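Source file: input16.cif; contents: mmCIF, C-alpha atoms and all ligand atoms.
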```cif
data_work
loop_
_atom_site.label_atom_id
_atom_site.label_comp_id
_atom_site.auth_asym_id
_atom_site.auth_seq_id
_atom_site.Cartn_x
_atom_site.Cartn_y
_atom_site.Cartn_z
CA MET A 1 -8.06 11.96 -16.00
CA THR A 2 -6.30 13.61 -18.93
CA ALA A 3 -6.66 12.95 -22.64
CA ASP A 4 -3.24 11.35 -22.97
CA GLN A 5 -3.41 9.46 -19.69
CA LYS A 6 -1.05 6.50 -19.35
CA ILE A 7 -1.18 4.07 -16.46
CA GLY A 8 2.00 2.11 -15.86
CA ILE A 9 1.57 -1.32 -14.32
CA VAL A 10 4.72 -2.94 -12.99
CA ILE A 11 4.64 -6.70 -13.18
CA ASP A 12 7.08 -9.55 -13.42
CA GLU A 13 6.35 -13.20 -13.91
CA ASP A 14 8.51 -14.07 -10.92
CA PHE A 15 5.99 -12.44 -8.59
CA ALA A 16 3.44 -14.97 -9.86
CA LEU A 17 5.79 -17.94 -9.56
CA LYS A 18 8.33 -17.58 -6.79
CA ASN A 19 8.64 -17.53 -3.03
CA ASN A 20 6.08 -20.16 -2.39
CA PRO A 21 5.82 -20.65 1.36
CA PRO A 22 6.76 -24.15 2.47
CA TYR A 23 3.71 -24.42 4.71
CA PRO A 24 0.33 -25.93 4.07
CA HIS A 25 -2.88 -24.03 4.54
CA PRO A 26 -4.29 -22.75 6.78
CA ILE A 27 -1.13 -21.50 8.40
CA PHE A 28 -1.15 -17.70 8.40
CA LEU A 29 2.18 -17.35 6.62
CA SER A 30 1.03 -19.25 3.58
CA TYR A 31 -1.37 -16.54 2.48
CA GLU A 32 1.52 -14.48 1.08
CA ASN A 33 2.11 -16.67 -1.97
CA PRO A 34 2.58 -16.39 -5.77
CA LEU A 35 -1.08 -17.11 -6.47
CA ARG A 36 -1.87 -13.60 -5.28
CA ILE A 37 -0.28 -12.20 -8.44
CA LYS A 38 -1.07 -15.15 -10.69
CA VAL A 39 -4.83 -14.68 -10.30
CA ILE A 40 -4.51 -10.97 -11.08
CA LEU A 41 -2.45 -11.55 -14.24
CA GLU A 42 -4.78 -14.28 -15.48
CA TYR A 43 -7.72 -11.98 -14.97
CA PHE A 44 -5.95 -9.20 -16.90
CA GLU A 45 -5.67 -11.62 -19.85
CA LYS A 46 -9.31 -12.56 -19.56
CA ILE A 47 -10.50 -8.95 -19.71
CA ASN A 48 -7.89 -8.04 -22.37
CA LEU A 49 -6.50 -5.33 -20.15
CA TRP A 50 -3.25 -5.02 -22.08
CA GLU A 51 -5.14 -4.10 -25.25
CA ASP A 52 -6.18 -0.83 -23.66
CA LYS A 53 -3.77 1.71 -25.13
CA ARG A 54 -3.80 3.70 -21.91
CA ILE A 55 -2.18 0.81 -20.03
CA VAL A 56 1.59 0.47 -20.18
CA LYS A 57 3.36 -2.65 -18.96
CA LEU A 58 6.49 -1.86 -16.94
CA GLU A 59 9.26 -4.09 -15.63
CA PRO A 60 10.93 -3.75 -12.23
CA LYS A 61 14.08 -1.65 -12.31
CA LEU A 62 17.20 -3.74 -11.93
CA ILE A 63 18.87 -2.71 -8.70
CA ASN A 64 21.98 -3.82 -6.89
CA GLU A 65 21.92 -4.89 -3.28
CA GLU A 66 23.91 -1.86 -2.16
CA LEU A 67 20.78 0.17 -2.71
CA LEU A 68 18.96 -1.84 -0.03
CA LYS A 69 21.35 -0.38 2.54
CA LEU A 70 19.56 2.94 2.20
CA ALA A 71 16.75 1.45 4.25
CA HIS A 72 18.15 -1.66 5.94
CA THR A 73 21.16 -2.68 7.98
CA LYS A 74 23.87 -4.69 6.29
CA TYR A 75 23.46 -7.41 8.89
CA TYR A 76 19.77 -7.80 8.11
CA ILE A 77 20.30 -7.77 4.32
CA ASP A 78 23.05 -10.38 4.68
CA THR A 79 20.81 -12.50 6.91
CA VAL A 80 18.03 -12.58 4.30
CA LYS A 81 20.60 -13.42 1.62
CA ARG A 82 22.28 -16.11 3.71
CA LEU A 83 19.03 -17.84 4.62
CA SER A 84 17.87 -17.66 1.00
CA THR A 85 21.12 -19.31 -0.13
CA PHE A 86 20.54 -21.94 2.53
CA GLY A 87 17.07 -22.48 1.08
CA SER A 88 14.76 -21.81 4.00
CA GLY A 89 14.38 -20.12 7.34
CA ILE A 90 12.16 -18.14 9.65
CA LEU A 91 13.04 -14.51 10.33
CA ASP A 92 10.09 -13.76 12.49
CA GLU A 93 6.94 -15.58 13.42
CA GLU A 94 5.29 -13.98 10.41
CA VAL A 95 8.24 -13.98 8.00
CA PHE A 96 9.42 -17.02 6.12
CA ILE A 97 12.40 -17.41 3.80
CA THR A 98 12.73 -19.59 0.70
CA LYS A 99 15.56 -19.88 -1.81
CA ASP A 100 13.93 -17.07 -3.83
CA THR A 101 13.15 -14.63 -1.02
CA PHE A 102 16.20 -12.39 -1.34
CA SER A 103 16.00 -12.00 -5.12
CA LEU A 104 12.22 -11.55 -5.17
CA ALA A 105 12.19 -9.04 -2.30
CA LYS A 106 14.95 -7.10 -4.09
CA LYS A 107 12.85 -7.21 -7.26
CA ALA A 108 9.84 -5.89 -5.29
CA VAL A 109 11.94 -2.87 -4.33
CA GLY A 110 12.98 -2.47 -7.99
CA GLY A 111 9.33 -2.69 -9.04
CA THR A 112 8.33 -0.01 -6.58
CA ILE A 113 11.15 2.28 -7.71
CA GLU A 114 10.13 1.84 -11.34
CA ALA A 115 6.48 2.64 -10.63
CA ILE A 116 7.20 5.76 -8.59
CA GLU A 117 10.12 7.10 -10.62
CA LYS A 118 8.12 6.88 -13.85
CA VAL A 119 5.37 8.99 -12.28
CA ILE A 120 7.80 11.59 -10.95
CA LYS A 121 9.46 11.86 -14.35
CA LYS A 122 6.01 12.07 -15.96
CA GLU A 123 6.72 9.11 -18.23
CA VAL A 124 3.37 7.72 -17.08
CA SER A 125 0.45 9.57 -15.48
CA GLN A 126 -0.19 7.12 -12.66
CA SER A 127 1.24 3.73 -11.81
CA ILE A 128 0.50 0.50 -9.99
CA ALA A 129 3.27 -1.76 -8.69
CA LEU A 130 2.00 -5.33 -8.42
CA VAL A 131 4.89 -6.54 -6.32
CA ARG A 132 5.40 -9.03 -3.54
CA PRO A 133 6.49 -9.67 -0.85
CA PRO A 134 4.82 -6.60 0.64
CA GLY A 135 6.86 -4.00 2.49
CA HIS A 136 5.06 -1.67 4.89
CA HIS A 137 5.84 -3.67 8.06
CA ALA A 138 9.54 -4.19 7.25
CA LEU A 139 11.84 -2.48 9.72
CA ARG A 140 15.37 -1.27 9.23
CA GLU A 141 16.89 -4.26 10.96
CA LYS A 142 14.25 -6.96 10.58
CA GLY A 143 11.42 -8.33 8.52
CA SER A 144 7.95 -8.32 10.02
CA GLY A 145 4.35 -9.18 9.12
CA LEU A 146 5.06 -11.02 5.85
CA CYS A 147 7.33 -8.14 4.69
CA ILE A 148 11.05 -8.47 3.89
CA PHE A 149 12.30 -5.13 2.56
CA ASN A 150 10.41 -1.88 2.92
CA ASN A 151 9.55 -1.23 -0.73
CA ILE A 152 8.16 2.28 -0.34
CA ALA A 153 10.69 3.53 2.22
CA THR A 154 13.62 2.25 0.17
CA THR A 155 12.18 3.93 -2.92
CA ILE A 156 11.80 7.31 -1.23
CA LEU A 157 15.36 7.13 0.15
CA TYR A 158 16.62 6.08 -3.29
CA LEU A 159 14.87 8.99 -5.01
CA ARG A 160 16.39 11.44 -2.57
CA LYS A 161 19.87 10.08 -3.02
CA GLU A 162 19.95 9.21 -6.71
CA ILE A 163 17.85 11.88 -8.36
CA ARG A 164 17.91 14.49 -5.58
CA TYR A 165 14.15 14.33 -5.27
CA ASN A 166 13.44 16.19 -2.06
CA LYS A 167 9.88 17.30 -2.60
CA LYS A 168 6.95 16.63 -0.31
CA ILE A 169 5.41 13.17 -0.51
CA ALA A 170 2.16 11.93 1.00
CA ILE A 171 1.72 8.22 1.70
CA VAL A 172 -1.85 7.00 2.13
CA ASP A 173 -1.85 3.51 3.62
CA ILE A 174 -5.18 1.72 3.15
CA ASP A 175 -3.96 -1.74 4.11
CA ASP A 176 -5.97 -3.40 6.88
CA HIS A 177 -2.88 -3.19 9.10
CA PHE A 178 -0.87 -0.29 10.47
CA GLY A 179 2.36 0.28 8.48
CA ASP A 180 4.64 0.30 11.48
CA GLY A 181 7.73 -0.14 9.28
CA LEU A 182 7.00 2.89 7.13
CA VAL A 183 6.33 5.02 10.18
CA GLN A 184 9.76 4.23 11.59
CA TYR A 185 11.51 5.85 8.64
CA PHE A 186 9.61 9.10 8.46
CA TYR A 187 8.30 9.84 11.95
CA ASP A 188 10.23 13.13 12.25
CA ASP A 189 10.39 13.89 8.54
CA PRO A 190 8.44 16.99 7.41
CA ASN A 191 8.71 15.94 3.76
CA VAL A 192 6.78 12.70 4.19
CA LEU A 193 3.19 12.78 5.40
CA TYR A 194 2.00 9.32 6.44
CA PHE A 195 -1.74 8.74 6.77
CA SER A 196 -2.91 5.25 7.66
CA ILE A 197 -6.38 3.83 8.04
CA HIS A 198 -6.17 0.45 9.74
CA GLU A 199 -8.23 -2.04 11.66
CA PHE A 200 -7.49 -1.61 15.34
CA ASP A 201 -8.04 -3.96 18.23
CA PHE A 202 -9.50 -1.51 20.74
CA LEU A 203 -9.63 -4.15 23.47
CA GLU A 204 -6.02 -5.25 23.21
CA ASN A 205 -4.53 -1.78 22.65
CA ASP A 206 -3.05 -2.53 19.28
CA ILE A 207 -0.34 -0.43 17.59
CA GLY A 208 -1.13 2.59 15.45
CA PHE A 209 -2.72 4.87 18.07
CA ILE A 210 -4.27 8.22 17.19
CA THR A 211 -1.83 9.89 19.58
CA GLU A 212 1.20 8.91 17.47
CA LEU A 213 1.45 12.21 15.60
CA GLY A 214 5.09 12.31 14.56
CA GLU A 215 7.78 14.32 16.27
CA GLY A 216 10.06 17.32 15.78
CA GLU A 217 9.57 18.80 12.33
CA GLY A 218 7.38 15.81 11.49
CA LEU A 219 4.82 16.61 14.18
CA GLY A 220 1.31 16.31 12.75
CA LYS A 221 2.57 14.45 9.71
CA ASN A 222 1.99 10.98 11.07
CA ILE A 223 -1.73 10.41 11.14
CA ASN A 224 -3.21 7.15 12.33
CA PHE A 225 -6.90 6.62 11.73
CA PRO A 226 -7.78 3.36 13.50
CA ILE A 227 -11.13 1.83 12.65
CA PRO A 228 -13.08 -0.99 14.29
CA ALA A 229 -13.28 -4.42 12.72
CA GLY A 230 -16.36 -5.04 10.61
CA ILE A 231 -16.57 -1.83 8.59
CA THR A 232 -18.55 -1.91 5.34
CA ASP A 233 -18.48 0.03 2.07
CA ASN A 234 -20.71 2.66 3.70
CA ASP A 235 -18.12 3.35 6.40
CA PHE A 236 -14.82 3.13 4.55
CA LEU A 237 -14.47 6.45 2.80
CA ILE A 238 -15.24 8.62 5.84
CA PHE A 239 -11.51 8.95 6.43
CA LEU A 240 -11.26 11.00 3.25
CA ASP A 241 -13.16 13.82 4.98
CA LEU A 242 -10.11 14.22 7.20
CA LEU A 243 -7.44 13.27 4.68
CA GLU A 244 -8.57 15.58 1.88
CA PRO A 245 -8.30 18.93 3.72
CA ILE A 246 -4.98 17.90 5.25
CA LEU A 247 -3.59 16.91 1.86
CA LYS A 248 -4.73 20.24 0.44
CA ASP A 249 -3.00 22.05 3.29
CA TYR A 250 0.15 19.95 2.91
CA ASN A 251 0.23 20.25 -0.88
CA PRO A 252 2.44 17.25 -1.76
CA ASP A 253 4.28 16.84 -5.06
CA LEU A 254 3.44 13.12 -5.16
CA ILE A 255 0.91 10.78 -3.55
CA ILE A 256 1.83 7.14 -2.93
CA VAL A 257 -0.89 4.69 -1.92
CA ALA A 258 0.21 1.70 0.13
CA MET A 259 -2.44 -0.46 -1.50
CA GLY A 260 -3.53 -3.28 0.76
CA PHE A 261 -6.73 -5.13 -0.02
CA ASP A 262 -7.07 -6.99 3.26
CA MET A 263 -10.17 -5.07 4.37
CA TYR A 264 -11.94 -7.02 1.61
CA PHE A 265 -14.81 -9.12 2.95
CA ALA A 266 -13.35 -12.45 1.80
CA ASP A 267 -9.83 -11.74 3.03
CA PRO A 268 -8.55 -14.52 5.27
CA ILE A 269 -6.61 -12.16 7.56
CA GLY A 270 -8.56 -8.89 7.81
CA ASN A 271 -11.92 -8.66 9.59
CA CYS A 272 -13.75 -6.05 7.54
CA PHE A 273 -16.54 -6.23 4.96
CA LEU A 274 -15.44 -4.09 2.03
CA THR A 275 -16.19 -5.03 -1.55
CA SER A 276 -14.21 -3.90 -4.58
CA ILE A 277 -16.53 -0.88 -4.95
CA SER A 278 -14.75 0.79 -2.04
CA TYR A 279 -11.40 0.54 -3.82
CA ASN A 280 -12.95 1.86 -7.02
CA LYS A 281 -14.39 4.92 -5.28
CA PHE A 282 -11.19 5.48 -3.33
CA ALA A 283 -9.12 5.42 -6.54
CA GLU A 284 -11.46 7.93 -8.22
CA LYS A 285 -11.29 10.27 -5.25
CA ILE A 286 -7.56 10.11 -4.60
CA LEU A 287 -6.94 10.68 -8.31
CA SER A 288 -9.08 13.80 -8.30
CA ILE A 289 -7.15 15.07 -5.26
CA ALA A 290 -3.82 14.29 -6.97
CA GLU A 291 -4.98 16.08 -10.12
CA GLU A 292 -5.88 19.14 -8.11
CA LEU A 293 -2.66 19.19 -6.08
CA CYS A 294 0.16 17.56 -7.98
CA GLU A 295 -0.62 17.14 -11.68
CA GLY A 296 -2.13 13.72 -10.99
CA LYS A 297 1.17 12.24 -9.78
CA LEU A 298 -0.09 9.15 -8.01
CA ALA A 299 1.44 5.70 -7.54
CA PHE A 300 -0.13 2.60 -5.98
CA VAL A 301 2.10 -0.07 -4.42
CA LEU A 302 0.62 -3.43 -3.50
CA GLU A 303 0.90 -4.32 0.18
CA GLY A 304 -1.40 -6.95 1.73
CA GLY A 305 -4.60 -8.53 0.44
CA TYR A 306 -4.90 -12.28 0.36
CA SER A 307 -8.29 -13.19 -1.05
CA LEU A 308 -7.54 -15.03 -4.28
CA ILE A 309 -11.17 -14.56 -5.31
CA GLY A 310 -11.19 -10.85 -4.59
CA LEU A 311 -7.74 -9.61 -5.60
CA PRO A 312 -8.35 -9.46 -9.38
CA PHE A 313 -11.50 -7.41 -8.89
CA CYS A 314 -9.93 -5.10 -6.34
CA VAL A 315 -7.08 -4.29 -8.72
CA GLN A 316 -9.46 -3.87 -11.64
CA ALA A 317 -11.58 -1.58 -9.47
CA VAL A 318 -8.55 0.65 -8.87
CA ILE A 319 -7.63 0.71 -12.57
CA SER A 320 -11.21 1.57 -13.58
CA GLY A 321 -11.24 4.32 -10.95
CA LEU A 322 -8.07 5.80 -12.43
CA LEU A 323 -9.44 5.55 -15.97
CA ASN A 324 -12.78 7.00 -14.90
CA LYS A 325 -14.38 3.96 -16.47
CA LYS A 326 -17.63 2.54 -15.16
CA TYR A 327 -16.83 -0.32 -12.80
CA GLU A 328 -19.24 -3.20 -12.55
CA GLN A 329 -18.62 -5.18 -9.39
CA PRO A 330 -18.86 -8.98 -9.63
CA HIS A 331 -22.19 -10.53 -8.86
CA PHE A 332 -20.89 -12.59 -5.94
CA GLU A 333 -20.11 -9.40 -4.01
CA LYS A 334 -23.74 -8.30 -4.16
CA ILE A 335 -24.84 -9.84 -0.91
CA THR A 336 -25.53 -8.16 2.41
CA LEU A 337 -22.34 -8.81 4.30
CA SER A 338 -23.13 -6.80 7.37
CA SER A 339 -25.87 -4.38 8.21
CA GLU A 340 -24.19 -3.16 11.36
CA SER A 341 -23.01 0.41 10.85
CA LYS A 342 -19.71 1.45 12.39
CA MET A 343 -20.27 5.05 11.32
CA GLU A 344 -20.79 6.45 14.80
CA GLU A 345 -17.59 4.93 16.17
CA ILE A 346 -15.61 6.11 13.15
CA LEU A 347 -16.95 9.65 13.43
CA GLN A 348 -15.94 9.71 17.11
CA ILE A 349 -12.39 8.65 16.21
CA LYS A 350 -12.28 11.27 13.45
CA SER A 351 -13.35 13.98 15.83
CA LYS A 352 -10.71 12.97 18.42
CA LEU A 353 -8.05 12.96 15.73
CA GLU A 354 -9.10 16.40 14.52
CA ASP A 355 -8.73 17.70 18.07
CA LEU A 356 -5.25 16.26 18.34
CA LEU A 357 -4.21 17.63 14.97
CA LYS A 358 -5.69 21.10 15.08
CA ASN A 359 -2.51 22.73 16.34
CA CYS A 360 -0.61 21.26 13.41
CA TRP A 361 -3.00 22.03 10.54
CA LYS A 362 -4.57 25.45 10.13
CA VAL A 363 -7.32 23.92 8.03
CA LEU A 364 -8.62 22.05 11.14
CA LYS A 365 -8.70 25.08 13.44
ZN ZN A 401 -2.20 -6.05 5.89
#
```
Could I get this file's structure written as structure tokens?
Amino acid sequence: MTADQKIGIVIDEDFALKNNPPYPHPIFLSYENPLRIKVILEYFEKINLWEDKRIVKLEPKLINEELLKLAHTKYYIDTVKRLSTFGSGILDEEVFITKDTFSLAKKAVGGTIEAIEKVIKKEVSQSIALVRPPGHHALREKGSGLCIFNNIATTILYLRKEIRYNKKIAIVDIDDHFGDGLVQYFYDDPNVLYFSIHEFDFLENDIGFITELGEGEGLGKNINFPIPAGITDNDFLIFLDLLEPILKDYNPDLIIVAMGFDMYFADPIGNCFLTSISYNKFAEKILSIAEELCEGKLAFVLEGGYSLIGLPFCVQAVISGLLNKKYEQPHFEKITLSSESKMEEILQIKSKLEDLLKNCWKVLK
């Protein structure tokens, strides 16, 4: 935290109003809806967040659809546009289309660009993009897992092309799910380190294995840290013991957090037991790492997280962490959610990962 710290928060009313899924609860798809942002913005008003002089409201950058081609095929972009014009459609079993999907997903990319570009240009110290639909599952040629366009991947490719930004970037993905879309773009790229902690179905052999380490020049720069379902606040931050030395070895110019809140205990999709305290402590820690390595250049981009009760507190917890302000978690979180420790399992996974990575990172030797 610096004396003249400014935190840019990218918002747009459309994220709180549009792309309402045409399905009733409790269908899975319907969790990705405008209320996710609406509850956050209403809470910001309630706590007078915008009166804090360190908070700067930012608007999504206006982009043209050509820019989307940096990360997606023309056929796929046209398909999203066509179905949106038509008014509805299903792109995948977990991807729905409404009349607003194309424009809102494009705006989510613009919001992510604004948040990250402002940090790179040091116009704000850190930033948070409160955008939807999320992006980390979106593939080059298709939407997936509630995601339409890959917000972070498109932004990185845009920065390289438009402002010749070719420095090293680290992405830390804390969403409950593995960011299979993001991985696709940067698997052999030495200038993007991807580190994901995600809930893993060890019985069904899920995706996001520890053995997926990247390839070619990107070897060792794709790091999957799968965790068992049911982790608690006591278990969550263990991954930082592996991430921190690797980040210090890698020495990125920018850290992007793919900020999913679906490990929250009340999330309807994830199966973990975190409270907002975990996100507060994570934000504090990743900020201190960013300050040590890259002048505090750190941007958070919203991915998943579907608990309408929890989302406002999770976001506030991140903001308080960045501002080094005491965070008081809401009373309703102060219950014993699970007393079963997953620590031993997580430490075993960490040790296996360290073994796999030690030829790639001198700090692990
Ligand atoms: Zn997720």
Skipping near chain neighbours, those fewer than 5 positions away, what residues fall within 9 Å of Ala105 (chain A) using all atoms listed in the file, listed as a PDB file with C-alpha atoms, in the frame of the given file?
```
ATOM      1  CA  ASP A 100      13.930 -17.070  -3.830  1.00  0.00           C
ATOM      2  CA  GLY A 110      12.980  -2.470  -7.990  1.00  0.00           C
ATOM      3  CA  VAL A 131       4.890  -6.540  -6.320  1.00  0.00           C
ATOM      4  CA  ARG A 132       5.400  -9.030  -3.540  1.00  0.00           C
ATOM      5  CA  PRO A 133       6.490  -9.670  -0.850  1.00  0.00           C
ATOM      6  CA  PRO A 134       4.820  -6.600   0.640  1.00  0.00           C
ATOM      7  CA  GLY A 135       6.860  -4.000   2.490  1.00  0.00           C
ATOM      8  CA  CYS A 147       7.330  -8.140   4.690  1.00  0.00           C
ATOM      9  CA  ILE A 148      11.050  -8.470   3.890  1.00  0.00           C
ATOM     10  CA  PHE A 149      12.300  -5.130   2.560  1.00  0.00           C
ATOM     11  CA  ASN A 151       9.550  -1.230  -0.730  1.00  0.00           C
TER      12      ASN A 151
END
```
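Closest approach to ligand ZN 401 (chain A) from the set A:Leu237, A:Ile152, A:Leu247, A:Cys272 is made by A:Cys272, with distances taken over all atoms listed in the file.
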6 Å from ligand ZN 401 (chain A) is the threshold here; counting all atoms listed in the file, which polymer residues fall inside it? Answer as a PyMOL selection string. chain A and resi 175-177+260+262+304
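Among A:Lys53, A:Phe209, A:Ser30, A:Asp12, the residue with the shortest atom-to-atom distance to Pro268 (chain A), counting all atoms listed in the file, is A:Ser30.
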What's around Tyr165 (chain A) at 10 Å? Count only C-alpha atoms, leave out sequence neighbours fewer than 5 positions away in its own chain, and write the answer as a PyMOL selection string. chain A and resi 117+120+156-160
Write out, as a short mmCIF file (atom, residue, chain, number, x, y, z; two decimals), keeping the file's coordinate frame, the residues just selected, with C-alpha atoms.
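Once written, selection-v7.cif looks like this:
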```cif
data_model
loop_
_atom_site.label_atom_id
_atom_site.label_comp_id
_atom_site.auth_asym_id
_atom_site.auth_seq_id
_atom_site.Cartn_x
_atom_site.Cartn_y
_atom_site.Cartn_z
CA GLU A 117 10.12 7.10 -10.62
CA ILE A 120 7.80 11.59 -10.95
CA ILE A 156 11.80 7.31 -1.23
CA LEU A 157 15.36 7.13 0.15
CA TYR A 158 16.62 6.08 -3.29
CA LEU A 159 14.87 8.99 -5.01
CA ARG A 160 16.39 11.44 -2.57
#
```
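Using all atoms listed in the file for every distance, the candidate list A:Leu62, A:Ala115, A:Ile286, A:Ala170 yields A:Ile286 as the residue closest to Asp241 (chain A).
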Please indicate the distance in Å from CA of Ile319 (chain A) to CA of Lys281 (chain A), rounded to one decimal place. 10.8 Å
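What separates CA of Ser278 (chain A) from CA of Asp201 (chain A) is a distance of 21.9 Å.
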What's around region 68-73 of chain A at 7 Å? Count only C-alpha atoms, leave out sequence neighbours fewer than 4 positions away in its own chain, and write the answer as JSON, numbers by chain. {"A": [77, 140, 141, 153, 154, 157, 158]}
I'd like the neighbourhood of Ile197 (chain A) as a PDB file with C-alpha atoms, keeping the file's coordinate frame, where a residue qualifies if any of its atoms comes within 9 Å (using all atoms listed in the file), though same-chain residues fewer than 4 positions away should be ignored.
```pdb
ATOM      1  CA  VAL A 172      -1.850   7.000   2.130  1.00  0.00           C
ATOM      2  CA  ASP A 173      -1.850   3.510   3.620  1.00  0.00           C
ATOM      3  CA  ILE A 174      -5.180   1.720   3.150  1.00  0.00           C
ATOM      4  CA  ASP A 175      -3.960  -1.740   4.110  1.00  0.00           C
ATOM      5  CA  ASP A 176      -5.970  -3.400   6.880  1.00  0.00           C
ATOM      6  CA  HIS A 177      -2.880  -3.190   9.100  1.00  0.00           C
ATOM      7  CA  PHE A 178      -0.870  -0.290  10.470  1.00  0.00           C
ATOM      8  CA  ILE A 223      -1.730  10.410  11.140  1.00  0.00           C
ATOM      9  CA  ASN A 224      -3.210   7.150  12.330  1.00  0.00           C
ATOM     10  CA  PHE A 225      -6.900   6.620  11.730  1.00  0.00           C
ATOM     11  CA  PRO A 226      -7.780   3.360  13.500  1.00  0.00           C
ATOM     12  CA  ILE A 227     -11.130   1.830  12.650  1.00  0.00           C
ATOM     13  CA  PHE A 239     -11.510   8.950   6.430  1.00  0.00           C
TER      14      PHE A 239
END
```
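We find CA of Gly87 (chain A) and CA of Pro34 (chain A) to be spaced 17.1 Å apart.
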Can you pull region 301-317 of chain A out of that block with N, CA and C atoms and hand it back as a PDB file, in the first residue's frame?
```
ATOM      1  N   VAL A 301      -9.811  -9.735 -11.926  1.00  0.00           N
ATOM      2  CA  VAL A 301     -10.896  -9.813 -12.920  1.00  0.00           C
ATOM      3  C   VAL A 301     -11.907 -10.851 -12.434  1.00  0.00           C
ATOM      4  N   LEU A 302     -13.154 -10.436 -12.302  1.00  0.00           N
ATOM      5  CA  LEU A 302     -14.169 -11.351 -11.790  1.00  0.00           C
ATOM      6  C   LEU A 302     -14.381 -12.524 -12.747  1.00  0.00           C
ATOM      7  N   GLU A 303     -14.367 -13.716 -12.193  1.00  0.00           N
ATOM      8  CA  GLU A 303     -14.719 -14.919 -12.962  1.00  0.00           C
ATOM      9  C   GLU A 303     -16.021 -15.462 -12.375  1.00  0.00           C
ATOM     10  N   GLY A 304     -15.981 -16.645 -11.727  1.00  0.00           N
ATOM     11  CA  GLY A 304     -17.208 -17.194 -11.156  1.00  0.00           C
ATOM     12  C   GLY A 304     -17.510 -16.637  -9.771  1.00  0.00           C
ATOM     13  N   GLY A 305     -18.449 -17.315  -9.097  1.00  0.00           N
ATOM     14  CA  GLY A 305     -18.907 -16.849  -7.785  1.00  0.00           C
ATOM     15  C   GLY A 305     -20.369 -16.488  -7.908  1.00  0.00           C
ATOM     16  N   TYR A 306     -21.217 -17.269  -7.271  1.00  0.00           N
ATOM     17  CA  TYR A 306     -22.654 -17.171  -7.571  1.00  0.00           C
ATOM     18  C   TYR A 306     -23.520 -17.025  -6.324  1.00  0.00           C
ATOM     19  N   SER A 307     -22.899 -16.882  -5.175  1.00  0.00           N
ATOM     20  CA  SER A 307     -23.700 -16.701  -3.964  1.00  0.00           C
ATOM     21  C   SER A 307     -24.096 -15.235  -3.851  1.00  0.00           C
ATOM     22  N   LEU A 308     -25.368 -14.955  -4.005  1.00  0.00           N
ATOM     23  CA  LEU A 308     -25.821 -13.556  -3.965  1.00  0.00           C
ATOM     24  C   LEU A 308     -25.685 -12.987  -2.549  1.00  0.00           C
ATOM     25  N   ILE A 309     -25.665 -13.849  -1.569  1.00  0.00           N
ATOM     26  CA  ILE A 309     -25.457 -13.389  -0.186  1.00  0.00           C
ATOM     27  C   ILE A 309     -23.979 -13.071   0.035  1.00  0.00           C
ATOM     28  N   GLY A 310     -23.117 -13.894  -0.542  1.00  0.00           N
ATOM     29  CA  GLY A 310     -21.693 -13.768  -0.248  1.00  0.00           C
ATOM     30  C   GLY A 310     -20.923 -12.801  -1.124  1.00  0.00           C
ATOM     31  N   LEU A 311     -21.342 -12.649  -2.379  1.00  0.00           N
ATOM     32  CA  LEU A 311     -20.539 -11.857  -3.324  1.00  0.00           C
ATOM     33  C   LEU A 311     -20.170 -10.448  -2.827  1.00  0.00           C
ATOM     34  N   PRO A 312     -21.119  -9.687  -2.282  1.00  0.00           N
ATOM     35  CA  PRO A 312     -20.738  -8.330  -1.833  1.00  0.00           C
ATOM     36  C   PRO A 312     -19.624  -8.356  -0.793  1.00  0.00           C
ATOM     37  N   PHE A 313     -19.679  -9.318   0.110  1.00  0.00           N
ATOM     38  CA  PHE A 313     -18.661  -9.383   1.168  1.00  0.00           C
ATOM     39  C   PHE A 313     -17.320  -9.862   0.613  1.00  0.00           C
ATOM     40  N   CYS A 314     -17.380 -10.796  -0.321  1.00  0.00           N
ATOM     41  CA  CYS A 314     -16.120 -11.275  -0.910  1.00  0.00           C
ATOM     42  C   CYS A 314     -15.400 -10.137  -1.630  1.00  0.00           C
ATOM     43  N   VAL A 315     -16.154  -9.335  -2.375  1.00  0.00           N
ATOM     44  CA  VAL A 315     -15.525  -8.219  -3.096  1.00  0.00           C
ATOM     45  C   VAL A 315     -15.015  -7.180  -2.100  1.00  0.00           C
ATOM     46  N   GLN A 316     -15.822  -6.887  -1.101  1.00  0.00           N
ATOM     47  CA  GLN A 316     -15.376  -5.926  -0.078  1.00  0.00           C
ATOM     48  C   GLN A 316     -14.113  -6.437   0.629  1.00  0.00           C
ATOM     49  N   ALA A 317     -14.072  -7.741   0.854  1.00  0.00           N
ATOM     50  CA  ALA A 317     -12.907  -8.330   1.524  1.00  0.00           C
ATOM     51  C   ALA A 317     -11.642  -8.105   0.695  1.00  0.00           C
TER      52      ALA A 317
END
```
